[in-house]
$ cat work-v5.csv   # CSV, C-alpha atoms
chain,number,residue,atom,x,y,z
A,1,MET,CA,16.7,-178.9,-132.0
A,2,ALA,CA,16.9,-176.0,-134.4
A,3,GLU,CA,20.4,-175.8,-135.9
A,4,SER,CA,20.8,-172.3,-137.5
A,5,PRO,CA,19.8,-168.7,-136.9
A,6,ASN,CA,17.4,-168.9,-139.8
A,7,THR,CA,15.7,-172.2,-138.7
A,8,PRO,CA,12.6,-171.6,-136.6
A,9,TYR,CA,12.7,-172.6,-133.0
A,10,ARG,CA,9.7,-174.6,-131.8
A,11,LEU,CA,8.2,-173.3,-128.6
A,12,LEU,CA,5.1,-174.4,-126.7
A,13,THR,CA,3.1,-173.2,-123.7
A,14,TYR,CA,0.6,-175.4,-122.0
A,15,ASN,CA,-1.6,-175.1,-118.9
A,16,ILE,CA,-1.8,-178.8,-117.9
A,17,GLN,CA,-4.3,-178.5,-115.0
A,18,VAL,CA,-2.2,-180.8,-112.8
A,19,GLY,CA,-2.4,-183.5,-115.5
A,20,LEU,CA,-6.2,-183.8,-115.2
A,21,HIS,CA,-8.2,-184.5,-118.3
A,22,THR,CA,-11.5,-182.5,-118.3
A,23,ARG,CA,-14.2,-183.1,-120.9
A,24,ASP,CA,-16.8,-180.3,-119.9
A,25,TYR,CA,-17.7,-177.9,-117.2
A,26,GLY,CA,-19.8,-180.5,-115.4
A,27,HIS,CA,-16.7,-182.8,-115.3
A,28,MET,CA,-14.7,-179.9,-113.7
A,29,VAL,CA,-17.2,-179.8,-110.8
A,30,SER,CA,-17.7,-183.5,-110.4
A,31,GLY,CA,-14.0,-184.1,-110.6
A,32,ALA,CA,-12.9,-181.3,-108.3
A,33,TRP,CA,-11.7,-183.9,-105.7
A,34,ARG,CA,-8.9,-184.8,-108.1
A,35,HIS,CA,-7.2,-181.4,-107.3
A,36,LEU,CA,-6.8,-182.7,-103.7
A,37,TRP,CA,-6.4,-186.5,-104.1
A,38,PRO,CA,-4.5,-188.7,-106.5
A,39,SER,CA,-6.6,-190.0,-109.5
A,40,LYS,CA,-5.9,-193.2,-111.3
A,41,ASP,CA,-5.7,-191.6,-114.8
A,42,GLN,CA,-3.3,-188.8,-113.9
A,43,HIS,CA,-0.1,-190.7,-114.6
A,44,SER,CA,-1.3,-192.0,-118.1
A,45,ASN,CA,-2.4,-188.5,-118.9
A,46,LEU,CA,1.0,-187.0,-118.1
A,47,ALA,CA,2.7,-189.7,-120.2
A,48,ARG,CA,0.6,-188.6,-123.2
A,49,ILE,CA,1.4,-185.0,-122.5
A,50,ALA,CA,5.1,-185.9,-122.4
A,51,GLU,CA,4.9,-187.7,-125.8
A,52,MET,CA,3.4,-184.5,-127.3
A,53,LEU,CA,6.1,-182.3,-125.8
A,54,SER,CA,9.0,-184.2,-127.2
A,55,GLY,CA,9.0,-182.4,-130.6
A,56,PHE,CA,9.7,-178.9,-129.1
A,57,ASP,CA,12.9,-176.9,-128.3
A,58,PHE,CA,11.4,-175.1,-125.3
A,59,VAL,CA,8.2,-175.7,-123.3
A,60,ALA,CA,6.5,-173.5,-120.6
A,61,ILE,CA,4.1,-175.4,-118.3
A,62,GLN,CA,1.5,-173.8,-116.0
A,63,GLU,CA,-0.7,-175.4,-113.3
A,64,ALA,CA,1.7,-178.2,-112.5
A,65,ASP,CA,2.6,-179.7,-109.1
A,66,ALA,CA,6.1,-179.9,-107.6
A,67,GLY,CA,5.4,-183.1,-105.7
A,68,SER,CA,2.6,-183.6,-103.1
A,69,LEU,CA,0.0,-185.9,-101.9
A,70,ARG,CA,-2.3,-185.4,-104.9
A,71,THR,CA,0.5,-186.4,-107.3
A,72,ARG,CA,1.9,-189.2,-105.2
A,73,ARG,CA,5.0,-187.1,-104.5
A,74,ARG,CA,5.8,-186.8,-108.2
A,75,ASN,CA,7.2,-183.5,-109.4
A,76,GLN,CA,5.3,-183.1,-112.6
A,77,ILE,CA,7.8,-180.7,-114.3
A,78,GLU,CA,10.7,-183.1,-113.7
A,79,PHE,CA,8.6,-186.1,-114.8
A,80,LEU,CA,7.5,-184.4,-118.1
A,81,ALA,CA,11.1,-183.3,-118.8
A,82,ARG,CA,12.5,-186.7,-118.2
A,83,GLU,CA,9.8,-188.6,-120.2
A,84,ALA,CA,10.0,-186.1,-123.1
A,85,GLY,CA,13.8,-186.3,-123.3
A,86,PHE,CA,14.7,-182.7,-122.2
A,87,ASP,CA,18.1,-182.3,-120.6
A,88,HIS,CA,17.2,-179.0,-118.8
A,89,CYS,CA,14.2,-178.0,-116.7
A,90,GLY,CA,13.2,-175.8,-113.7
A,91,PHE,CA,10.2,-174.7,-111.8
A,92,ILE,CA,8.9,-172.2,-109.2
A,93,VAL,CA,6.4,-173.1,-106.5
A,94,THR,CA,3.7,-170.5,-106.4
A,95,ARG,CA,1.5,-171.8,-103.7
A,96,ASP,CA,2.7,-174.4,-101.2
A,97,LEU,CA,-0.2,-176.2,-99.5
A,98,HIS,CA,2.0,-179.0,-98.1
A,99,PRO,CA,1.3,-181.9,-97.9
A,100,VAL,CA,-1.8,-181.8,-100.2
A,101,ALA,CA,-0.6,-179.6,-103.1
A,102,ARG,CA,2.5,-177.7,-104.3
A,103,HIS,CA,1.3,-175.5,-107.1
A,104,CYS,CA,4.0,-174.6,-109.6
A,105,HIS,CA,4.8,-173.7,-113.1
A,106,GLY,CA,8.0,-174.5,-115.0
A,107,TRP,CA,10.0,-174.9,-118.1
A,108,MET,CA,12.0,-177.4,-120.0
A,109,SER,CA,14.4,-177.0,-123.0
A,110,ARG,CA,17.0,-178.8,-125.1
A,111,ALA,CA,19.6,-176.0,-124.5
A,112,ALA,CA,20.9,-175.0,-121.1
A,113,PRO,CA,20.0,-171.4,-120.2
A,114,LEU,CA,22.9,-169.0,-119.6
A,115,GLU,CA,20.8,-167.4,-116.9
A,116,GLN,CA,17.5,-168.1,-115.1
A,117,GLN,CA,15.5,-166.1,-112.6
A,118,ALA,CA,12.2,-166.5,-110.9
A,119,HIS,CA,10.0,-163.5,-109.9
A,120,SER,CA,6.9,-163.2,-107.8
A,121,LEU,CA,4.4,-161.0,-109.5
A,122,PRO,CA,2.3,-158.3,-107.8
A,123,SER,CA,-1.2,-159.7,-107.0
A,124,ARG,CA,-4.0,-159.1,-104.5
A,125,ILE,CA,-4.0,-162.9,-103.9
A,126,PRO,CA,-0.4,-164.1,-103.7
A,127,GLY,CA,0.7,-167.0,-106.0
A,128,ARG,CA,1.5,-165.5,-109.4
A,129,ALA,CA,5.0,-165.7,-110.8
A,130,ALA,CA,7.1,-165.3,-113.9
A,131,MET,CA,10.4,-166.9,-115.0
A,132,ARG,CA,13.2,-165.2,-117.1
A,133,LEU,CA,15.5,-167.5,-119.1
A,134,ARG,CA,18.3,-166.1,-121.2
A,135,TYR,CA,19.8,-168.5,-123.9
A,136,GLY,CA,22.9,-168.5,-126.1
A,137,GLU,CA,22.9,-169.0,-129.8
A,138,GLU,CA,22.0,-172.7,-129.3
A,139,LEU,CA,18.5,-171.4,-128.8
A,140,GLY,CA,18.8,-168.3,-131.1
A,141,GLY,CA,20.0,-166.0,-128.3
A,142,LEU,CA,16.4,-165.8,-127.1
A,143,THR,CA,15.4,-164.4,-123.7
A,144,ILE,CA,12.1,-166.1,-122.7
A,145,LEU,CA,9.7,-164.7,-120.2
A,146,ALA,CA,7.2,-167.3,-119.1
A,147,ALA,CA,4.3,-166.5,-116.9
A,148,HIS,CA,0.9,-167.4,-115.5
A,149,LEU,CA,-1.2,-164.2,-114.8
A,150,SER,CA,-4.2,-163.4,-112.6
A,151,LEU,CA,-7.8,-163.4,-113.7
A,152,GLY,CA,-8.5,-159.8,-112.6
A,153,GLY,CA,-7.7,-157.1,-115.2
A,154,GLU,CA,-6.1,-154.6,-112.8
A,155,ASP,CA,-3.7,-157.3,-111.4
A,156,ARG,CA,-2.8,-158.4,-114.9
A,157,ARG,CA,-2.0,-154.8,-115.9
A,158,LYS,CA,0.4,-154.5,-113.0
A,159,GLN,CA,1.9,-158.0,-113.7
A,160,LEU,CA,2.5,-157.1,-117.4
A,161,ARG,CA,4.2,-153.9,-116.3
A,162,TYR,CA,6.5,-155.9,-114.1
A,163,ILE,CA,7.3,-158.5,-116.7
A,164,ALA,CA,7.9,-155.8,-119.4
A,165,GLY,CA,10.5,-154.4,-116.9
A,166,MET,CA,12.3,-157.8,-117.1
A,167,ALA,CA,13.0,-157.4,-120.8
A,168,GLY,CA,16.5,-156.0,-121.3
A,169,ALA,CA,17.5,-153.6,-124.0
A,170,GLY,CA,18.9,-155.3,-127.1
A,171,GLU,CA,17.5,-158.8,-126.2
A,172,ARG,CA,15.5,-161.1,-128.4
A,173,ILE,CA,12.4,-161.4,-126.3
A,174,VAL,CA,9.7,-164.0,-126.3
A,175,MET,CA,6.9,-163.8,-123.7
A,176,LEU,CA,4.5,-166.7,-123.4
A,177,GLY,CA,2.2,-168.5,-121.0
A,178,ASP,CA,-1.3,-168.6,-119.7
A,179,LEU,CA,-1.8,-164.8,-119.6
A,180,ASN,CA,-5.5,-164.9,-119.1
A,181,SER,CA,-5.6,-162.0,-121.7
A,182,GLY,CA,-6.8,-161.5,-125.2
A,183,ASN,CA,-4.9,-159.8,-128.0
A,184,GLU,CA,-6.6,-156.4,-127.6
A,185,PHE,CA,-5.7,-156.3,-123.9
A,186,LEU,CA,-2.1,-157.1,-124.6
A,187,ARG,CA,-1.8,-154.9,-127.7
A,188,HIS,CA,-2.9,-151.8,-125.8
A,189,HIS,CA,-0.7,-152.3,-122.7
A,190,PRO,CA,1.6,-149.3,-122.7
A,191,ASP,CA,4.6,-151.0,-121.2
A,192,LEU,CA,4.5,-153.9,-123.6
A,193,HIS,CA,4.1,-151.4,-126.5
A,194,GLU,CA,7.2,-149.5,-125.3
A,195,LYS,CA,9.3,-152.6,-125.2
A,196,GLY,CA,8.1,-153.6,-128.7
A,197,LEU,CA,6.4,-156.8,-127.4
A,198,ARG,CA,3.5,-157.6,-129.6
A,199,PRO,CA,1.1,-160.5,-129.4
A,200,VAL,CA,1.1,-162.8,-132.4
A,201,PRO,CA,-1.8,-161.9,-134.7
A,202,ASP,CA,-4.9,-164.0,-134.7
A,203,ALA,CA,-3.9,-166.0,-131.6
A,204,PRO,CA,-6.1,-169.1,-131.7
A,205,LYS,CA,-8.6,-169.9,-129.0
A,206,THR,CA,-7.4,-172.4,-126.4
A,207,TYR,CA,-10.0,-172.4,-123.6
A,208,PRO,CA,-12.0,-174.4,-122.8
A,209,SER,CA,-10.3,-177.3,-124.7
A,210,TRP,CA,-13.6,-179.1,-125.5
A,211,ARG,CA,-15.1,-176.0,-127.2
A,212,PRO,CA,-12.5,-173.2,-127.4
A,213,ARG,CA,-14.0,-169.7,-127.0
A,214,ARG,CA,-11.1,-167.6,-125.5
A,215,ALA,CA,-7.5,-167.0,-126.4
A,216,LEU,CA,-6.1,-167.1,-122.9
A,217,ASP,CA,-2.7,-168.7,-123.8
A,218,GLN,CA,-0.6,-166.2,-125.7
A,219,VAL,CA,2.8,-165.6,-127.3
A,220,LEU,CA,4.4,-162.1,-127.7
A,221,LEU,CA,7.5,-161.4,-129.7
A,222,GLY,CA,9.9,-158.5,-129.5
A,223,PRO,CA,11.9,-156.9,-132.3
A,224,GLY,CA,14.0,-159.1,-134.6
A,225,LEU,CA,11.6,-162.1,-134.2
A,226,GLN,CA,8.8,-163.4,-136.3
A,227,ALA,CA,6.2,-166.2,-135.8
A,228,ARG,CA,6.3,-168.7,-138.7
A,229,ARG,CA,3.5,-170.8,-137.3
A,230,VAL,CA,1.0,-170.4,-134.5
A,231,ALA,CA,-1.4,-173.2,-133.6
A,232,ALA,CA,-3.6,-174.5,-130.8
A,233,LEU,CA,-2.9,-178.2,-130.9
A,234,PRO,CA,-6.0,-180.4,-131.1
A,235,ILE,CA,-5.1,-182.2,-127.9
A,236,HIS,CA,-7.7,-182.6,-125.1
A,237,LEU,CA,-5.7,-183.6,-122.0
A,238,SER,CA,-6.4,-180.5,-119.9
A,239,ASP,CA,-9.0,-177.7,-119.7
A,240,HIS,CA,-6.6,-175.7,-122.0
A,241,MET,CA,-5.2,-176.6,-125.4
A,242,PRO,CA,-1.5,-176.3,-125.9
A,243,LEU,CA,-0.3,-173.3,-127.9
A,244,ALA,CA,2.6,-173.9,-130.3
A,245,VAL,CA,4.7,-171.3,-132.1
A,246,ASP,CA,7.7,-171.5,-134.5
A,247,VAL,CA,9.9,-168.5,-133.9
A,248,GLU,CA,12.4,-167.3,-136.5
A,249,VAL,CA,15.3,-165.0,-135.6
A,250,LEU,CA,15.4,-162.3,-138.3
A,251,ASP,CA,18.1,-159.9,-137.1
A,252,SER,CA,19.5,-158.1,-134.1
A,253,PRO,CA,16.8,-156.3,-132.1
A,254,ASP,CA,19.1,-153.2,-131.9

$ encode --input "work-v5.csv" --output "structure tokens"
Amino acid sequence: MAESPNTPYRLLTYNIQVGLHTRDYGHMVSGAWRHLWPSKDQHSNLARIAEMLSGFDFVAIQEADAGSLRTRRRNQIEFLAREAGFDHCGFIVTRDLHPVARHCHGWMSRAAPLEQQAHSLPSRIPGRAAMRLRYGEELGGLTILAAHLSLGGEDRRKQLRYIAGMAGAGERIVMLGDLNSGNEFLRHHPDLHEKGLRPVPDAPKTYPSWRPRRALDQVLLGPGLQARRVAALPIHLSDHMPLAVDVEVLDSPD
């Protein structure tokens, strides 16, 4: 856990693809059944993910399952938090296909949030959401907006407008997640620009994990914050690579 306002806080976002390792596009097709039925390697893969998460202060997870047939009733957010030693976690179910699948994304952190909210995002196909977590000085006074956005550009523009509206005046804002968006798309969004939310420069490519070509996983920082390190971790446990960022609090955003 970071211990002072000048010590960077270690944040990570990771699309875990329900704990399913994928080695190439062909494997995605041949292994599609694993999204509907338990696979024998899912538990060991999740355990390896948990080991990697243990070094961070805050983690946002996308494409998890809140406990269903395909995960043998295991809530993957709670499992990862417990195995990685996080005291606090939460999740939002985005598509409930009970009993086969309960799509969700979630968060885990060392510090307890002072406030947490879950928001459904506008989308032509329901099932996209964002979470807003406000922390005290134990986590730098950060307000974290974690999201998983749609594939379509028009939906993403509307969703980013909604999320920008969740950023309160005078807050130290970090926005992160699988945003399905590159730097240019984010940089030119008027509502993000108005709130001073800027994508970290030179965001590394994270998708597909076996040969990354696209920077779909992103971190944006508001005024008063600076990224000290941004890296796509060379871990191939999903179709995405995890994206890590060290965030330093510089001053008040006012």

$ closest_atom_pairs --input "work-v5.csv" --of "region 48-157 of chain A" --to "region 175-185 of chain A" --cutoff "6 Å" --atoms "all atoms listed in the file" --output "CSV"
residue,atom,partner,partner_atom,distance
A:Ile144,CA,A:Met175,CA,5.8
A:Leu145,CA,A:Met175,CA,4.6
A:Ala146,CA,A:Leu176,CA,5.1
A:Ala147,CA,A:Gly177,CA,5.0
A:His148,CA,A:Asp178,CA,4.9
A:Leu149,CA,A:Leu179,CA,4.9

$ closest_residue --input "work-v5.csv" --among "A:Lys195, A:Lys205, A:Arg82, A:Arg214" --to "Val230 (chain A)" --atoms "all atoms listed in the file"
A:Lys205

$ atom_distance --input "work-v5.csv" --atom1 "CA of Pro212 (chain A)" --atom2 "CA of Glu63 (chain A)"
18.5 Å

$ residues_around --input "work-v5.csv" --residues "Arg124 (chain A)" --least-positions-apart "5" --cutoff "12 Å" --atoms "all atoms listed in the file" --output "PyMOL selection string"
chain A and resi 149-156+158-159

$ atom_distance --input "work-v5.csv" --atom1 "CA of Cys89 (chain A)" --atom2 "CA of Gly106 (chain A)"
7.3 Å

$ atom_distance --input "work-v5.csv" --atom1 "CA of Ile61 (chain A)" --atom2 "CA of Gln218 (chain A)"
12.7 Å

$ closest_atom_pairs --input "work-v5.csv" --of "region 64-102 of chain A" --to "region 113-120 of chain A" --cutoff "10 Å" --atoms "only C-alpha atoms" --output "tab-separated table"
residue	atom	partner	partner_atom	distance
A:His88	CA	A:Pro113	CA	8.2
A:Cys89	CA	A:Pro113	CA	9.5
A:Gly90	CA	A:Gln116	CA	8.9
A:Phe91	CA	A:Ala118	CA	8.5
A:Ile92	CA	A:Ala118	CA	6.8
A:Val93	CA	A:Ala118	CA	9.8
A:Thr94	CA	A:Ser120	CA	8.1

$ write_last_selection --input "work-v5.csv" --atoms "C-alpha atoms" --output "compact mmCIF listing (two decimals), keeping the file's coordinate frame"
# COMPACT_ATOMS: atom_id res chain seq x y z
CA HIS A 88 17.20 -179.00 -118.80
CA CYS A 89 14.20 -178.00 -116.70
CA GLY A 90 13.20 -175.80 -113.70
CA PHE A 91 10.20 -174.70 -111.80
CA ILE A 92 8.90 -172.20 -109.20
CA VAL A 93 6.40 -173.10 -106.50
CA THR A 94 3.70 -170.50 -106.40

$ build_atoms --input "work-v5.csv" --residues "region 187-215 of chain A" --atoms "N, CA and C atoms" --output "PDB file, in the frame of the given file"
ATOM      1  N   ARG A 187      -2.257-155.855-126.668  1.00  0.00           N
ATOM      2  CA  ARG A 187      -1.800-154.900-127.700  1.00  0.00           C
ATOM      3  C   ARG A 187      -1.826-153.462-127.145  1.00  0.00           C
ATOM      4  N   HIS A 188      -2.751-153.170-126.252  1.00  0.00           N
ATOM      5  CA  HIS A 188      -2.900-151.800-125.800  1.00  0.00           C
ATOM      6  C   HIS A 188      -2.223-151.548-124.427  1.00  0.00           C
ATOM      7  N   HIS A 189      -1.445-152.519-123.949  1.00  0.00           N
ATOM      8  CA  HIS A 189      -0.700-152.300-122.700  1.00  0.00           C
ATOM      9  C   HIS A 189       0.486-151.398-122.979  1.00  0.00           C
ATOM     10  N   PRO A 190       0.585-150.232-122.330  1.00  0.00           N
ATOM     11  CA  PRO A 190       1.600-149.300-122.700  1.00  0.00           C
ATOM     12  C   PRO A 190       3.053-149.775-122.489  1.00  0.00           C
ATOM     13  N   ASP A 191       3.293-150.550-121.432  1.00  0.00           N
ATOM     14  CA  ASP A 191       4.600-151.000-121.200  1.00  0.00           C
ATOM     15  C   ASP A 191       5.094-152.076-122.166  1.00  0.00           C
ATOM     16  N   LEU A 192       4.179-152.949-122.577  1.00  0.00           N
ATOM     17  CA  LEU A 192       4.500-153.900-123.600  1.00  0.00           C
ATOM     18  C   LEU A 192       4.783-153.203-124.937  1.00  0.00           C
ATOM     19  N   HIS A 193       3.960-152.200-125.240  1.00  0.00           N
ATOM     20  CA  HIS A 193       4.100-151.400-126.500  1.00  0.00           C
ATOM     21  C   HIS A 193       5.502-150.741-126.482  1.00  0.00           C
ATOM     22  N   GLU A 194       5.885-150.177-125.342  1.00  0.00           N
ATOM     23  CA  GLU A 194       7.200-149.500-125.300  1.00  0.00           C
ATOM     24  C   GLU A 194       8.341-150.415-125.508  1.00  0.00           C
ATOM     25  N   LYS A 195       8.239-151.658-125.058  1.00  0.00           N
ATOM     26  CA  LYS A 195       9.300-152.600-125.200  1.00  0.00           C
ATOM     27  C   LYS A 195       9.231-153.333-126.616  1.00  0.00           C
ATOM     28  N   GLY A 196       8.228-152.986-127.411  1.00  0.00           N
ATOM     29  CA  GLY A 196       8.100-153.600-128.700  1.00  0.00           C
ATOM     30  C   GLY A 196       7.568-155.025-128.671  1.00  0.00           C
ATOM     31  N   LEU A 197       6.977-155.424-127.545  1.00  0.00           N
ATOM     32  CA  LEU A 197       6.400-156.800-127.400  1.00  0.00           C
ATOM     33  C   LEU A 197       4.995-156.774-127.959  1.00  0.00           C
ATOM     34  N   ARG A 198       4.781-157.585-128.975  1.00  0.00           N
ATOM     35  CA  ARG A 198       3.500-157.600-129.600  1.00  0.00           C
ATOM     36  C   ARG A 198       2.940-159.031-129.655  1.00  0.00           C
ATOM     37  N   PRO A 199       1.655-159.195-129.355  1.00  0.00           N
ATOM     38  CA  PRO A 199       1.100-160.500-129.400  1.00  0.00           C
ATOM     39  C   PRO A 199       1.039-161.019-130.886  1.00  0.00           C
ATOM     40  N   VAL A 200       1.234-162.299-131.076  1.00  0.00           N
ATOM     41  CA  VAL A 200       1.100-162.800-132.400  1.00  0.00           C
ATOM     42  C   VAL A 200      -0.275-162.581-132.945  1.00  0.00           C
ATOM     43  N   PRO A 201      -0.431-162.202-134.203  1.00  0.00           N
ATOM     44  CA  PRO A 201      -1.800-161.900-134.700  1.00  0.00           C
ATOM     45  C   PRO A 201      -2.645-163.136-134.777  1.00  0.00           C
ATOM     46  N   ASP A 202      -3.935-162.899-134.580  1.00  0.00           N
ATOM     47  CA  ASP A 202      -4.900-164.000-134.700  1.00  0.00           C
ATOM     48  C   ASP A 202      -4.576-165.165-133.806  1.00  0.00           C
ATOM     49  N   ALA A 203      -4.243-164.881-132.549  1.00  0.00           N
ATOM     50  CA  ALA A 203      -3.900-166.000-131.600  1.00  0.00           C
ATOM     51  C   ALA A 203      -5.135-166.903-131.522  1.00  0.00           C
ATOM     52  N   PRO A 204      -4.923-168.205-131.689  1.00  0.00           N
ATOM     53  CA  PRO A 204      -6.100-169.100-131.700  1.00  0.00           C
ATOM     54  C   PRO A 204      -6.647-169.291-130.274  1.00  0.00           C
ATOM     55  N   LYS A 205      -7.913-169.615-130.238  1.00  0.00           N
ATOM     56  CA  LYS A 205      -8.600-169.900-129.000  1.00  0.00           C
ATOM     57  C   LYS A 205      -8.131-171.176-128.379  1.00  0.00           C
ATOM     58  N   THR A 206      -7.913-171.177-127.068  1.00  0.00           N
ATOM     59  CA  THR A 206      -7.400-172.400-126.400  1.00  0.00           C
ATOM     60  C   THR A 206      -8.194-172.841-125.221  1.00  0.00           C
ATOM     61  N   TYR A 207      -9.209-172.052-124.816  1.00  0.00           N
ATOM     62  CA  TYR A 207     -10.000-172.400-123.600  1.00  0.00           C
ATOM     63  C   TYR A 207     -11.462-172.186-123.832  1.00  0.00           C
ATOM     64  N   PRO A 208     -12.310-173.130-123.357  1.00  0.00           N
ATOM     65  CA  PRO A 208     -12.000-174.400-122.800  1.00  0.00           C
ATOM     66  C   PRO A 208     -11.606-175.422-123.925  1.00  0.00           C
ATOM     67  N   SER A 209     -10.837-176.412-123.640  1.00  0.00           N
ATOM     68  CA  SER A 209     -10.300-177.300-124.700  1.00  0.00           C
ATOM     69  C   SER A 209     -11.378-178.020-125.451  1.00  0.00           C
ATOM     70  N   TRP A 210     -12.517-178.316-124.813  1.00  0.00           N
ATOM     71  CA  TRP A 210     -13.600-179.100-125.500  1.00  0.00           C
ATOM     72  C   TRP A 210     -14.419-178.237-126.429  1.00  0.00           C
ATOM     73  N   ARG A 211     -14.388-176.912-126.253  1.00  0.00           N
ATOM     74  CA  ARG A 211     -15.100-176.000-127.200  1.00  0.00           C
ATOM     75  C   ARG A 211     -14.448-174.623-127.017  1.00  0.00           C
ATOM     76  N   PRO A 212     -13.276-174.407-127.610  1.00  0.00           N
ATOM     77  CA  PRO A 212     -12.500-173.200-127.400  1.00  0.00           C
ATOM     78  C   PRO A 212     -13.245-171.906-127.740  1.00  0.00           C
ATOM     79  N   ARG A 213     -13.308-170.992-126.783  1.00  0.00           N
ATOM     80  CA  ARG A 213     -14.000-169.700-127.000  1.00  0.00           C
ATOM     81  C   ARG A 213     -13.063-168.515-126.703  1.00  0.00           C
ATOM     82  N   ARG A 214     -11.956-168.760-125.957  1.00  0.00           N
ATOM     83  CA  ARG A 214     -11.100-167.600-125.500  1.00  0.00           C
ATOM     84  C   ARG A 214      -9.650-167.948-125.771  1.00  0.00           C
ATOM     85  N   ALA A 215      -8.923-166.910-126.190  1.00  0.00           N
ATOM     86  CA  ALA A 215      -7.500-167.000-126.400  1.00  0.00           C
ATOM     87  C   ALA A 215      -6.745-166.579-125.181  1.00  0.00           C
TER      88      ALA A 215
END
